[in-house]
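**Student:** Supplied structure: input_10.txt, compact mmCIF, C-alpha atoms.
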```txt
# COMPACT_ATOMS: atom_id res chain seq x y z
CA MET M 2 0.00 0.00 0.00
CA ALA M 3 1.32 3.47 -0.74
CA ALA M 4 2.55 5.30 2.32
CA SER M 5 -0.16 7.54 3.70
CA GLY M 6 0.48 10.89 5.35
CA ALA M 7 3.48 11.61 3.19
CA GLY M 8 3.26 15.23 4.21
CA VAL M 9 2.34 18.21 2.15
CA PRO M 10 3.45 17.63 -1.44
CA MET M 11 5.66 20.18 -3.09
CA ARG M 12 4.80 21.79 -6.40
CA ARG M 13 7.39 19.67 -8.18
CA GLU M 14 5.85 16.43 -6.88
CA VAL M 15 2.37 17.46 -7.88
CA LEU M 16 3.53 18.25 -11.40
CA GLN M 17 5.39 14.95 -11.59
CA LEU M 18 2.21 13.12 -10.55
CA TYR M 19 0.19 15.01 -13.15
CA ARG M 20 2.67 14.18 -15.92
CA SER M 21 2.88 10.48 -14.98
CA LEU M 22 -0.91 10.19 -14.80
CA LEU M 23 -1.30 11.70 -18.26
CA ARG M 24 1.47 9.46 -19.60
CA VAL M 25 -0.21 6.32 -18.24
CA THR M 26 -3.68 7.25 -19.40
CA ARG M 27 -2.34 7.82 -22.92
CA GLN M 28 -1.44 4.11 -23.05
CA PHE M 29 -4.97 2.74 -22.69
CA CYS M 30 -5.98 0.98 -25.88
CA ASP M 31 -9.70 1.58 -25.30
CA TYR M 32 -10.76 4.93 -26.77
CA ASN M 33 -13.45 5.64 -24.15
CA ILE M 34 -11.26 4.97 -21.14
CA ARG M 35 -8.35 6.90 -22.61
CA GLU M 36 -10.41 10.02 -23.25
CA TYR M 37 -12.27 9.82 -19.93
CA SER M 38 -9.15 9.36 -17.79
CA LYS M 39 -7.33 12.17 -19.59
CA ARG M 40 -10.25 14.54 -19.11
CA ARG M 41 -10.83 13.47 -15.51
CA THR M 42 -7.21 14.00 -14.43
CA MET M 43 -7.11 17.43 -16.09
CA ASP M 44 -10.38 18.48 -14.44
CA ALA M 45 -9.43 17.05 -11.05
CA PHE M 46 -6.07 18.85 -10.98
CA ARG M 47 -7.71 22.05 -12.22
CA ASP M 48 -10.41 21.89 -9.50
CA ASN M 49 -7.85 21.25 -6.76
CA LYS M 50 -5.52 23.98 -8.01
CA ASN M 51 -6.46 26.39 -5.24
CA LEU M 52 -6.36 24.05 -2.25
CA ARG M 53 -4.37 25.56 0.61
CA ASP M 54 -5.21 23.42 3.63
CA PRO M 55 -2.30 20.97 4.25
CA SER M 56 -4.48 18.00 5.23
CA GLN M 57 -6.65 18.43 2.12
CA LEU M 58 -3.53 18.76 -0.03
CA SER M 59 -1.96 15.56 1.26
CA ALA M 60 -5.29 13.69 1.01
CA ALA M 61 -5.74 14.75 -2.61
CA PHE M 62 -2.11 13.90 -3.38
CA SER M 63 -2.32 10.40 -1.92
CA HIS M 64 -5.61 9.86 -3.73
CA GLY M 65 -3.87 10.84 -6.95
CA LYS M 66 -0.99 8.44 -6.27
CA ALA M 67 -3.45 5.59 -5.59
CA GLN M 68 -5.26 6.33 -8.86
CA LEU M 69 -1.90 6.29 -10.65
CA GLU M 70 -1.27 2.75 -9.38
CA VAL M 71 -4.75 1.64 -10.47
CA ALA M 72 -4.24 3.21 -13.90
CA LYS M 73 -0.85 1.52 -14.36
CA ARG M 74 -2.27 -1.91 -13.55
CA GLN M 75 -5.36 -1.47 -15.65
CA SER M 76 -3.60 -0.10 -18.73
CA LEU M 77 -1.39 -3.18 -18.67
CA LEU M 78 -4.40 -5.46 -18.27
CA TYR M 79 -6.38 -3.83 -21.06
CA SER M 80 -3.39 -4.10 -23.40
CA LEU M 81 -3.25 -7.87 -22.77
CA TYR M 82 -6.75 -8.37 -24.21
CA PRO M 83 -6.96 -5.89 -27.04
CA PRO M 84 -9.83 -6.13 -29.49
CA LYS M 85 -8.59 -7.18 -32.90
CA VAL M 86 -10.05 -4.14 -34.63
CA LYS M 87 -9.50 -0.57 -33.45
CA SER M 88 -12.36 1.66 -32.43
CA ILE M 89 -13.84 3.73 -35.22
CA MET M 90 -12.86 6.90 -33.33
CA ASP M 91 -9.19 6.02 -33.61
CA PHE M 92 -9.05 6.46 -37.38
CA MET Y 27 3.99 -49.43 -20.94
CA ALA Y 28 3.56 -51.30 -24.21
CA SER Y 29 -0.05 -50.18 -24.51
CA LYS Y 30 1.08 -46.61 -23.89
CA LEU Y 31 3.65 -46.85 -26.71
CA LEU Y 32 1.02 -48.37 -28.95
CA ARG Y 33 -1.40 -45.56 -28.16
CA GLN Y 34 1.27 -42.94 -28.87
CA THR Y 35 2.14 -44.36 -32.26
CA LEU Y 36 -1.46 -44.89 -33.30
CA THR Y 37 -2.71 -41.39 -32.38
CA LYS Y 38 -0.90 -38.98 -34.63
CA THR Y 39 0.18 -36.03 -32.51
CA ASN Y 40 1.04 -33.56 -35.22
CA ARG Y 41 3.36 -30.66 -34.46
CA THR Y 42 0.82 -28.04 -35.45
CA ALA Y 43 -1.25 -28.93 -32.38
CA ALA Y 44 1.68 -28.03 -30.16
CA ILE Y 45 2.25 -24.80 -32.06
CA ARG Y 46 -1.43 -23.88 -31.81
CA CYS Y 47 -1.21 -24.02 -28.01
CA PHE Y 48 1.24 -21.16 -28.00
CA SER Y 49 -0.68 -18.97 -30.40
CA THR Y 50 -1.36 -15.45 -29.31
CA ALA Y 51 -5.12 -15.94 -29.19
CA ALA Y 52 -6.52 -16.32 -25.70
CA SER Y 53 -6.59 -19.94 -24.61
CA VAL Y 54 -10.38 -19.83 -24.23
CA ALA Y 55 -10.65 -18.77 -27.87
CA PHE Y 56 -13.90 -17.18 -28.86
CA PRO Y 57 -14.77 -17.77 -32.50
CA SER Y 58 -13.91 -14.27 -33.66
CA GLU Y 59 -14.26 -15.07 -37.34
CA TYR Y 60 -15.99 -11.78 -37.79
CA GLU Y 61 -13.03 -9.61 -36.81
CA TYR Y 62 -10.31 -9.13 -39.42
CA PRO Y 63 -7.42 -6.65 -39.49
CA THR Y 64 -9.31 -4.66 -42.12
CA GLY Y 65 -12.60 -4.51 -40.31
CA ILE Y 66 -15.57 -6.37 -38.99
CA THR Y 67 -18.04 -8.38 -41.02
CA MET Y 68 -21.10 -9.46 -39.14
CA LYS Y 69 -24.67 -10.16 -40.23
CA GLY Y 70 -23.95 -8.96 -43.74
CA VAL Y 71 -22.56 -5.59 -42.64
CA LYS Y 72 -18.96 -4.47 -43.10
CA ILE Y 73 -17.52 -1.76 -40.87
CA SER Y 74 -13.95 -0.62 -40.61
CA GLY Y 75 -13.70 -0.26 -36.85
CA ARG Y 76 -15.50 -1.03 -33.62
CA PRO Y 77 -18.51 1.29 -33.31
CA LEU Y 78 -18.73 4.00 -30.68
CA TYR Y 79 -20.99 2.76 -27.90
CA LEU Y 80 -23.89 5.03 -27.00
CA ASP Y 81 -26.41 2.55 -25.55
CA MET Y 82 -25.56 3.28 -21.91
CA GLN Y 83 -29.19 2.75 -20.89
CA ALA Y 84 -28.93 -0.91 -21.85
CA THR Y 85 -25.66 -1.59 -20.09
CA THR Y 86 -22.41 0.19 -19.30
CA PRO Y 87 -18.79 -0.91 -19.66
CA VAL Y 88 -17.02 -1.88 -16.45
CA ASP Y 89 -14.97 1.02 -15.11
CA PRO Y 90 -11.26 0.12 -14.81
CA ARG Y 91 -11.28 1.20 -11.16
CA VAL Y 92 -14.14 -1.23 -10.48
CA LEU Y 93 -12.32 -4.00 -12.32
CA ASP Y 94 -9.22 -3.26 -10.27
CA SER Y 95 -11.13 -3.81 -7.04
CA MET Y 96 -12.71 -7.05 -8.32
CA LEU Y 97 -9.62 -8.85 -9.61
CA PRO Y 98 -7.99 -9.84 -6.28
CA PHE Y 99 -11.18 -11.77 -5.46
CA TYR Y 100 -10.82 -13.81 -8.62
CA LEU Y 101 -7.09 -14.39 -8.25
CA SER Y 102 -6.12 -14.98 -4.64
CA ARG Y 103 -8.93 -14.07 -2.22
CA TYR Y 104 -11.32 -16.63 -3.60
CA GLY Y 105 -12.94 -17.87 -0.41
CA ASN Y 106 -16.63 -18.38 0.19
CA PRO Y 107 -17.87 -15.52 2.36
CA HIS Y 108 -20.05 -17.93 4.32
CA SER Y 109 -17.11 -20.09 5.41
CA ARG Y 110 -16.59 -19.16 9.02
CA THR Y 111 -13.52 -21.20 9.86
CA HIS Y 112 -10.63 -19.87 7.82
CA LEU Y 113 -8.98 -16.68 6.58
CA TYR Y 114 -10.34 -16.98 3.05
CA GLY Y 115 -13.89 -16.92 4.37
CA TRP Y 116 -13.24 -14.12 6.82
CA GLU Y 117 -11.63 -11.81 4.28
CA SER Y 118 -14.40 -12.48 1.75
CA GLU Y 119 -17.01 -11.75 4.38
CA THR Y 120 -15.38 -8.43 5.32
CA ALA Y 121 -15.26 -7.53 1.64
CA VAL Y 122 -18.97 -8.32 1.21
CA GLU Y 123 -19.86 -6.26 4.27
CA THR Y 124 -17.78 -3.32 3.03
CA ALA Y 125 -19.56 -3.50 -0.31
CA ARG Y 126 -22.91 -3.62 1.46
CA ALA Y 127 -22.04 -0.45 3.37
CA GLN Y 128 -20.95 1.27 0.14
CA VAL Y 129 -24.23 0.44 -1.60
CA ALA Y 130 -26.21 1.53 1.46
CA ALA Y 131 -24.35 4.84 1.66
CA LEU Y 132 -25.32 5.72 -1.91
CA ILE Y 133 -29.06 5.33 -1.27
CA GLY Y 134 -29.14 6.61 2.30
CA ALA Y 135 -29.97 3.29 3.93
CA ALA Y 136 -28.44 1.13 6.64
CA PRO Y 137 -26.18 -1.76 5.53
CA LYS Y 138 -28.48 -4.30 7.18
CA GLU Y 139 -31.28 -3.35 4.81
CA ILE Y 140 -29.43 -4.39 1.62
CA VAL Y 141 -29.81 -7.88 0.13
CA PHE Y 142 -27.59 -8.83 -2.80
CA THR Y 143 -29.32 -10.59 -5.69
CA SER Y 144 -28.41 -11.54 -9.23
CA GLY Y 145 -29.79 -8.39 -10.79
CA ALA Y 146 -32.63 -5.94 -10.83
CA THR Y 147 -34.92 -8.51 -12.49
CA GLU Y 148 -34.53 -10.88 -9.55
CA SER Y 149 -34.97 -8.01 -7.09
CA ASN Y 150 -38.19 -6.99 -8.83
CA ASN Y 151 -39.47 -10.56 -8.74
CA ILE Y 152 -38.68 -10.90 -5.04
CA SER Y 153 -40.36 -7.58 -4.25
CA ILE Y 154 -43.57 -8.06 -6.18
CA LYS Y 155 -44.22 -11.76 -5.85
CA GLY Y 156 -42.65 -11.97 -2.38
CA VAL Y 157 -44.68 -9.15 -0.86
CA MET Y 158 -47.98 -10.26 -2.37
CA HIS Y 159 -47.49 -13.90 -1.41
CA PHE Y 160 -46.62 -12.90 2.13
CA TYR Y 161 -49.69 -10.73 2.58
CA LYS Y 162 -51.96 -12.83 0.37
CA ASP Y 163 -54.69 -13.26 2.98
CA LYS Y 164 -55.43 -9.59 3.46
CA LYS Y 165 -54.02 -7.79 0.39
CA ARG Y 166 -55.16 -8.76 -3.10
CA HIS Y 167 -54.49 -5.64 -5.20
CA ILE Y 168 -51.38 -4.18 -6.85
CA ILE Y 169 -50.98 -0.84 -8.60
CA THR Y 170 -48.32 -0.38 -11.23
CA THR Y 171 -47.83 1.60 -14.42
CA GLN Y 172 -48.02 0.67 -18.08
CA THR Y 173 -44.43 1.71 -18.77
CA GLU Y 174 -42.77 -0.55 -16.23
CA HIS Y 175 -39.94 -2.92 -17.04
CA LYS Y 176 -40.93 -6.26 -18.56
CA CYS Y 177 -40.02 -8.17 -15.38
CA VAL Y 178 -42.43 -6.09 -13.30
CA LEU Y 179 -45.24 -6.44 -15.84
CA ASP Y 180 -44.60 -10.16 -16.18
CA SER Y 181 -44.61 -10.70 -12.41
CA CYS Y 182 -47.91 -8.85 -12.20
CA ARG Y 183 -49.35 -11.00 -14.97
CA HIS Y 184 -48.20 -14.11 -13.09
CA LEU Y 185 -49.96 -12.81 -9.98
CA GLN Y 186 -53.07 -12.08 -12.03
CA GLN Y 187 -53.12 -15.72 -13.08
CA GLU Y 188 -52.92 -16.67 -9.42
CA GLY Y 189 -55.99 -14.56 -8.69
CA PHE Y 190 -54.67 -11.17 -7.57
CA GLU Y 191 -55.98 -7.95 -9.12
CA VAL Y 192 -53.65 -5.54 -10.87
CA THR Y 193 -54.28 -1.96 -11.93
CA TYR Y 194 -52.03 -0.64 -14.69
CA LEU Y 195 -51.96 3.17 -14.46
CA PRO Y 196 -51.73 4.90 -17.83
CA VAL Y 197 -49.10 7.57 -18.45
CA GLY Y 198 -49.64 10.95 -20.06
CA SER Y 199 -47.93 12.12 -23.22
CA ASP Y 200 -44.99 13.34 -21.15
CA GLY Y 201 -44.58 9.91 -19.56
CA LEU Y 202 -45.61 10.89 -16.03
CA ILE Y 203 -48.42 9.21 -14.13
CA ASP Y 204 -51.44 11.06 -12.85
CA LEU Y 205 -51.22 11.35 -9.07
CA ASP Y 206 -54.95 11.93 -8.60
CA ARG Y 207 -55.66 8.77 -10.54
CA LEU Y 208 -53.24 6.93 -8.24
CA VAL Y 209 -55.06 8.21 -5.15
CA LYS Y 210 -58.36 7.09 -6.66
CA GLU Y 211 -57.09 3.60 -7.43
CA ILE Y 212 -55.74 2.87 -3.93
CA ARG Y 213 -58.14 0.52 -2.14
CA PRO Y 214 -58.11 -0.88 1.43
CA ASP Y 215 -56.75 -4.16 0.11
CA THR Y 216 -53.90 -2.64 -1.96
CA GLY Y 217 -50.74 -4.53 -1.09
CA LEU Y 218 -48.11 -2.74 -3.20
CA VAL Y 219 -47.56 0.27 -5.43
CA SER Y 220 -44.75 -0.25 -7.91
CA VAL Y 221 -43.51 2.71 -9.97
CA MET Y 222 -40.06 2.90 -11.49
CA ALA Y 223 -38.00 5.97 -10.66
CA VAL Y 224 -36.43 6.47 -14.10
CA ASN Y 225 -37.81 4.75 -17.17
CA ASN Y 226 -35.31 2.76 -19.18
CA GLU Y 227 -36.86 3.41 -22.60
CA ILE Y 228 -38.08 7.01 -22.47
CA GLY Y 229 -35.96 8.31 -19.62
CA VAL Y 230 -38.78 10.01 -17.68
CA VAL Y 231 -38.17 10.70 -14.00
CA GLN Y 232 -41.38 9.98 -12.12
CA PRO Y 233 -42.37 12.18 -9.15
CA VAL Y 234 -41.35 9.53 -6.62
CA GLU Y 235 -41.41 11.91 -3.66
CA GLU Y 236 -45.07 12.70 -4.15
CA ILE Y 237 -45.93 9.05 -4.75
CA GLY Y 238 -44.07 8.17 -1.55
CA LYS Y 239 -46.08 10.76 0.38
CA ILE Y 240 -49.34 9.34 -0.99
CA CYS Y 241 -48.32 5.78 -0.07
CA LYS Y 242 -47.35 6.85 3.44
CA GLU Y 243 -50.72 8.52 3.85
CA PHE Y 244 -52.57 5.36 2.85
CA ASN Y 245 -50.03 3.06 4.54
CA VAL Y 246 -49.30 1.09 1.36
CA PRO Y 247 -45.79 -0.33 0.71
CA PHE Y 248 -44.03 1.48 -2.14
CA HIS Y 249 -41.66 -0.38 -4.42
CA THR Y 250 -39.52 1.41 -6.96
CA ASP Y 251 -37.20 0.03 -9.61
CA ALA Y 252 -34.23 2.38 -9.29
CA ALA Y 253 -31.90 0.48 -11.63
CA GLN Y 254 -31.58 3.41 -14.03
CA ALA Y 255 -31.79 6.10 -11.35
CA LEU Y 256 -28.88 4.88 -9.23
CA GLY Y 257 -25.83 7.07 -9.51
CA LYS Y 258 -27.53 9.56 -11.82
CA ILE Y 259 -30.08 11.31 -9.64
CA LYS Y 260 -29.96 11.65 -5.88
CA VAL Y 261 -31.61 8.54 -4.41
CA ASP Y 262 -32.71 8.85 -0.78
CA VAL Y 263 -34.95 6.16 0.64
CA GLU Y 264 -36.03 8.35 3.56
CA LYS Y 265 -37.14 11.26 1.37
CA TRP Y 266 -38.80 9.01 -1.18
CA ASN Y 267 -40.40 6.87 1.54
CA VAL Y 268 -39.81 3.61 -0.33
CA SER Y 269 -40.19 0.23 1.33
CA LEU Y 270 -38.46 -1.76 -1.41
CA MET Y 271 -35.99 -0.68 -4.07
CA SER Y 272 -34.33 -2.70 -6.83
CA LEU Y 273 -30.80 -1.82 -7.85
CA SER Y 274 -28.67 -3.12 -10.68
CA GLY Y 275 -24.91 -3.37 -10.92
CA HIS Y 276 -24.29 -3.22 -14.62
CA LYS Y 277 -26.07 0.13 -15.12
CA ILE Y 278 -23.56 2.02 -12.95
CA TYR Y 279 -20.33 0.84 -14.59
CA GLY Y 280 -20.20 -2.29 -12.47
CA PRO Y 281 -20.19 -5.98 -13.38
CA LYS Y 282 -23.12 -7.79 -14.93
CA GLY Y 283 -24.88 -10.46 -12.89
CA VAL Y 284 -25.27 -8.62 -9.61
CA GLY Y 285 -27.94 -6.41 -8.15
CA ALA Y 286 -29.34 -5.45 -4.80
CA LEU Y 287 -32.67 -5.13 -3.08
CA TYR Y 288 -33.34 -2.57 -0.38
CA LEU Y 289 -35.84 -3.75 2.25
CA ARG Y 290 -36.99 -1.23 4.80
CA ARG Y 291 -36.64 -2.30 8.43
CA ARG Y 292 -38.66 0.43 10.11
CA PRO Y 293 -41.53 -0.28 9.46
CA ARG Y 294 -40.42 -3.76 8.53
CA ILE Y 295 -41.60 -5.07 5.17
CA ARG Y 296 -41.76 -8.85 4.96
CA VAL Y 297 -41.27 -10.85 1.78
CA GLU Y 298 -41.53 -14.52 0.98
CA PRO Y 299 -38.22 -15.76 -0.45
CA GLN Y 300 -38.15 -16.91 -4.07
CA MET Y 301 -34.86 -18.82 -3.70
CA ASN Y 302 -34.96 -21.42 -0.95
CA GLY Y 303 -31.73 -22.75 0.44
CA GLY Y 304 -29.21 -22.26 3.20
CA GLY Y 305 -30.63 -19.03 4.56
CA GLN Y 306 -27.95 -16.66 3.26
CA GLU Y 307 -28.79 -12.95 2.94
CA ARG Y 308 -31.23 -13.12 5.89
CA GLY Y 309 -33.16 -15.97 4.25
CA ILE Y 310 -34.45 -13.68 1.51
CA ARG Y 311 -32.03 -14.82 -1.17
CA SER Y 312 -30.21 -18.06 -0.44
CA GLY Y 313 -27.12 -19.01 -2.35
CA THR Y 314 -23.44 -18.17 -2.10
CA VAL Y 315 -22.91 -14.45 -2.43
CA PRO Y 316 -20.61 -13.88 -5.45
CA THR Y 317 -17.82 -11.97 -3.73
CA PRO Y 318 -16.07 -10.44 -6.79
CA LEU Y 319 -19.34 -9.22 -8.31
CA VAL Y 320 -20.56 -7.79 -5.03
CA VAL Y 321 -17.24 -6.06 -4.38
CA GLY Y 322 -17.44 -4.64 -7.91
CA MET Y 323 -20.93 -3.32 -7.28
CA GLY Y 324 -19.80 -1.73 -4.02
CA ALA Y 325 -16.84 -0.06 -5.71
CA ALA Y 326 -19.12 1.15 -8.50
CA CYS Y 327 -21.54 2.65 -5.98
CA GLU Y 328 -18.74 4.42 -4.15
CA LEU Y 329 -17.40 5.81 -7.44
CA ALA Y 330 -20.91 6.92 -8.39
CA MET Y 331 -21.27 8.80 -5.13
CA LYS Y 332 -17.95 10.61 -5.62
CA GLU Y 333 -18.36 11.34 -9.30
CA MET Y 334 -22.07 12.17 -9.43
CA GLU Y 335 -21.60 15.93 -9.48
CA TYR Y 336 -18.81 15.86 -12.06
CA ASP Y 337 -20.75 13.49 -14.31
CA GLU Y 338 -23.90 15.58 -14.02
CA ASN Y 339 -22.10 18.76 -15.09
CA ARG Y 340 -20.44 17.02 -18.00
CA ILE Y 341 -23.64 15.35 -19.23
CA LYS Y 342 -25.60 18.59 -18.88
CA GLY Y 343 -23.00 20.38 -20.98
CA LEU Y 344 -23.11 17.70 -23.65
CA GLN Y 345 -26.92 17.63 -23.62
CA GLU Y 346 -27.15 21.40 -24.06
CA ARG Y 347 -24.60 21.28 -26.86
CA LEU Y 348 -26.59 18.60 -28.66
CA LEU Y 349 -29.99 20.24 -28.23
CA ASN Y 350 -28.80 23.74 -29.11
CA GLY Y 351 -26.79 22.48 -32.03
CA ILE Y 352 -29.79 20.68 -33.50
CA ARG Y 353 -32.25 23.49 -32.76
CA GLU Y 354 -30.03 26.06 -34.50
CA LYS Y 355 -29.86 24.14 -37.71
CA ILE Y 356 -33.39 22.75 -37.94
CA ASP Y 357 -36.72 24.35 -37.06
CA GLY Y 358 -39.62 22.68 -35.39
CA VAL Y 359 -37.64 20.41 -33.10
CA VAL Y 360 -39.56 19.34 -30.01
```
Let me see the file written as structure tokens.
**Tutor:**
Amino acid sequence: MAASGAGVPMRREVLQLYRSLLRVTRQFCDYNIREYSKRRTMDAFRDNKNLRDPSQLSAAFSHGKAQLEVAKRQSLLYSLYPPKVKSIMDF
Amino acid sequence: MASKLLRQTLTKTNRTAAIRCFSTAASVAFPSEYEYPTGITMKGVKISGRPLYLDMQATTPVDPRVLDSMLPFYLSRYGNPHSRTHLYGWESETAVETARAQVAALIGAAPKEIVFTSGATESNNISIKGVMHFYKDKKRHIITTQTEHKCVLDSCRHLQQEGFEVTYLPVGSDGLIDLDRLVKEIRPDTGLVSVMAVNNEIGVVQPVEEIGKICKEFNVPFHTDAAQALGKIKVDVEKWNVSLMSLSGHKIYGPKGVGALYLRRRPRIRVEPQMNGGGQERGIRSGTVPTPLVVGMGAACELAMKEMEYDENRIKGLQERLLNGIREKIDGVV
């Protein structure tokens, strides 16, 4: 399990998390999941942009790290069972 | 030994069989003769890619976060939640109880009031047939609508054949039922009023709060099929005053094959079980609770609770874009 209460994240760490999330979500082979996860991470980071309370910041950061783990596992899993034909939106 | 050698020489084990085992197709190969690298040919139609799925009212794909929570229970934590003597059973039971609490939190109920079933169809059957069979001495009348799901209408027809009376309320041109007509139809021997919260074909949201108030006034149990409503509109069993509610897993980005039934405990509504067996799920639905599916449904409900506001804003934006875009280009759109 990821370490909880890692303290208030610094700006650099938050940006690193954002970049790694976007990188992982780009690897999904399913069009719907790829678009949804990209949009959701962008909106989530945009909504939490103005958080100042340290407990809220660390909670949001650890939530983001947990979602990154889930996304890594699932993108690997989805790529193991790809449909033989691409989605029509990928053309 | 000699017979084994004989058998080996007689049965020709050709090398291609060995090669086929290591092919890249999944070992449980589905006959995907319709999918080619150039496109799909099925039922006489040729398309160049997988279509974009828009039929979310029929079923929804499983969210990857839900799948992530389900997989450990297929791989290593595969115990029967009703086994009380070992770790596998204990961890499965804790997982089922966590899922129960997650489902209950989404609808504003207590975890003890949730019974897991195999889907909304089974929950509807248990509610309608179970309630009427339990109170069959005193209550002989059911009220439902004409636009209900097929399982509700079929259960009512089955009860009609047994001798109960059913009133099918008509709907107006906007899909809503007439509340005065409902009040008129309620009789002293009405055992159940069953109105679905959100219709699955026309998408109308019925005025469940008012119907709940009417049923409370006349002291009639109120059953609602909230399979389509769950996760999309705010479902609160206290405000709606429902006694029974059917929920479905695969409509909220969860797995197919699981559903839930909410049974009010205060005042307690009694049902006769449709599945007899070992008394699991408080005797209402016997049978081993499918841990991975139930955990998936719980995770889906928790996700729905967190994401409901975000999803609503997004869908409203898309809906406005569609409607305004069509209305600008064409006149006379209703």
**Student:** Which residue out of M:Arg40, M:Arg12, M:Arg53, M:Arg27 has the minimum interatomic distance to chain Y when only C-alpha atoms are used?
**Tutor:** M:Arg40
**Student:** Might you pull out every residue within 7 Å of segment 268-279 of chain Y, with all atoms listed in the file counted and same-chain residues fewer than 3 positions away left off, and present them as number ranges by chain?
**Tutor:** Y: 85-89, 145-146, 149-150, 153, 238, 247-254, 257, 263, 282, 284-290, 295, 323, 326
**Student:** What would the file look like if the residues just selected were written as a short mmCIF file (atom, residue, chain, number, x, y, z; two decimals), keeping the file's coordinate frame with C-alpha atoms?
**Tutor:**
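Dumped to part03.cif:
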```cif
data_model
loop_
_atom_site.label_atom_id
_atom_site.label_comp_id
_atom_site.auth_asym_id
_atom_site.auth_seq_id
_atom_site.Cartn_x
_atom_site.Cartn_y
_atom_site.Cartn_z
CA THR Y 85 -25.66 -1.59 -20.09
CA THR Y 86 -22.41 0.19 -19.30
CA PRO Y 87 -18.79 -0.91 -19.66
CA VAL Y 88 -17.02 -1.88 -16.45
CA ASP Y 89 -14.97 1.02 -15.11
CA GLY Y 145 -29.79 -8.39 -10.79
CA ALA Y 146 -32.63 -5.94 -10.83
CA SER Y 149 -34.97 -8.01 -7.09
CA ASN Y 150 -38.19 -6.99 -8.83
CA SER Y 153 -40.36 -7.58 -4.25
CA GLY Y 238 -44.07 8.17 -1.55
CA PRO Y 247 -45.79 -0.33 0.71
CA PHE Y 248 -44.03 1.48 -2.14
CA HIS Y 249 -41.66 -0.38 -4.42
CA THR Y 250 -39.52 1.41 -6.96
CA ASP Y 251 -37.20 0.03 -9.61
CA ALA Y 252 -34.23 2.38 -9.29
CA ALA Y 253 -31.90 0.48 -11.63
CA GLN Y 254 -31.58 3.41 -14.03
CA GLY Y 257 -25.83 7.07 -9.51
CA VAL Y 263 -34.95 6.16 0.64
CA LYS Y 282 -23.12 -7.79 -14.93
CA VAL Y 284 -25.27 -8.62 -9.61
CA GLY Y 285 -27.94 -6.41 -8.15
CA ALA Y 286 -29.34 -5.45 -4.80
CA LEU Y 287 -32.67 -5.13 -3.08
CA TYR Y 288 -33.34 -2.57 -0.38
CA LEU Y 289 -35.84 -3.75 2.25
CA ARG Y 290 -36.99 -1.23 4.80
CA ILE Y 295 -41.60 -5.07 5.17
CA MET Y 323 -20.93 -3.32 -7.28
CA ALA Y 326 -19.12 1.15 -8.50
#
```
**Student:** Compile the residues of chain M that lie within 8 Å of chain Y, evaluated using all atoms listed in the file, and express the compilation as JSON, numbers by chain.
**Tutor:** {"M": [34, 71, 72, 74, 75, 85, 86, 87, 88, 89, 90]}
**Student:** Could you check how far atom CA of Asp91 of chain M sits from atom CA of Tyr37 of chain M, in Å to one decimal?
**Tutor:**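 Computing it gives 14.5 Å between the two atoms.
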**Student:** Report, in Å with one decimal, the straight-line distance from atom CA of Glu236 of chain Y to atom CA of Lys164 of chain Y.
**Tutor:** 25.7 Å
**Student:** What's the separation between atom CA of Leu81 of chain M and atom CA of Leu101 of chain Y, in Å to one decimal place?
**Tutor:**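 Here the two named atoms are 16.4 Å from each other.
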**Student:** Can you pull out the residues contacting Gln68 of chain M? Cut-off 12 Å, using only C-alpha atoms, and skip same-chain residues under 2 positions away; I want them as a PyMOL selection string.
**Tutor:** (chain M and resi 3+18-19+21-23+25-26+38+41-42+45+61-66+70-76) or (chain Y and resi 90-92+94-95)
**Student:** Centre and edge lengths of an axis-aligned box around all listed atoms of segment 93-106 of chain Y, with 5 Å added on each side, are to be given in Å to one decimal, as lines of an AutoDock Vina configuration file.
**Tutor:**
```
center_x = -11.4
center_y = -10.8
center_z = -6.1
size_x = 20.5
size_y = 25.1
size_z = 22.5
```
**Student:** Do you know which residues are at most 12 Å from Ser181 of chain Y counting all atoms listed in the file, after dropping those on the same chain fewer than 6 positions away, and could you put them as an MDAnalysis selection string?
**Tutor:** chainID Y and resid 147:159 168 170 174:175 187:188 190 192 220
**Student:** Need to verify the contact set: Glu328 of chain Y, 9 Å, only C-alpha atoms, exclusion of same-chain residues closer than 2 positions in sequence. Can you return it as a list in words?
**Tutor:** Ala125, Gln128, Val129, Ala131, Leu132, Met323, Gly324, Ala325, Ala326, Ala330, Met331, Lys332 and Glu333 of chain Y
**Student:** In terms of the shortest atom-to-atom distance over all atoms listed in the file, which of Y:Val261, Y:Leu202, Y:Ala255, Y:Ser118 is closest to Pro233 of chain Y?
**Tutor:**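 For Pro233 of chain Y, the nearest of the candidates is Y:Leu202.
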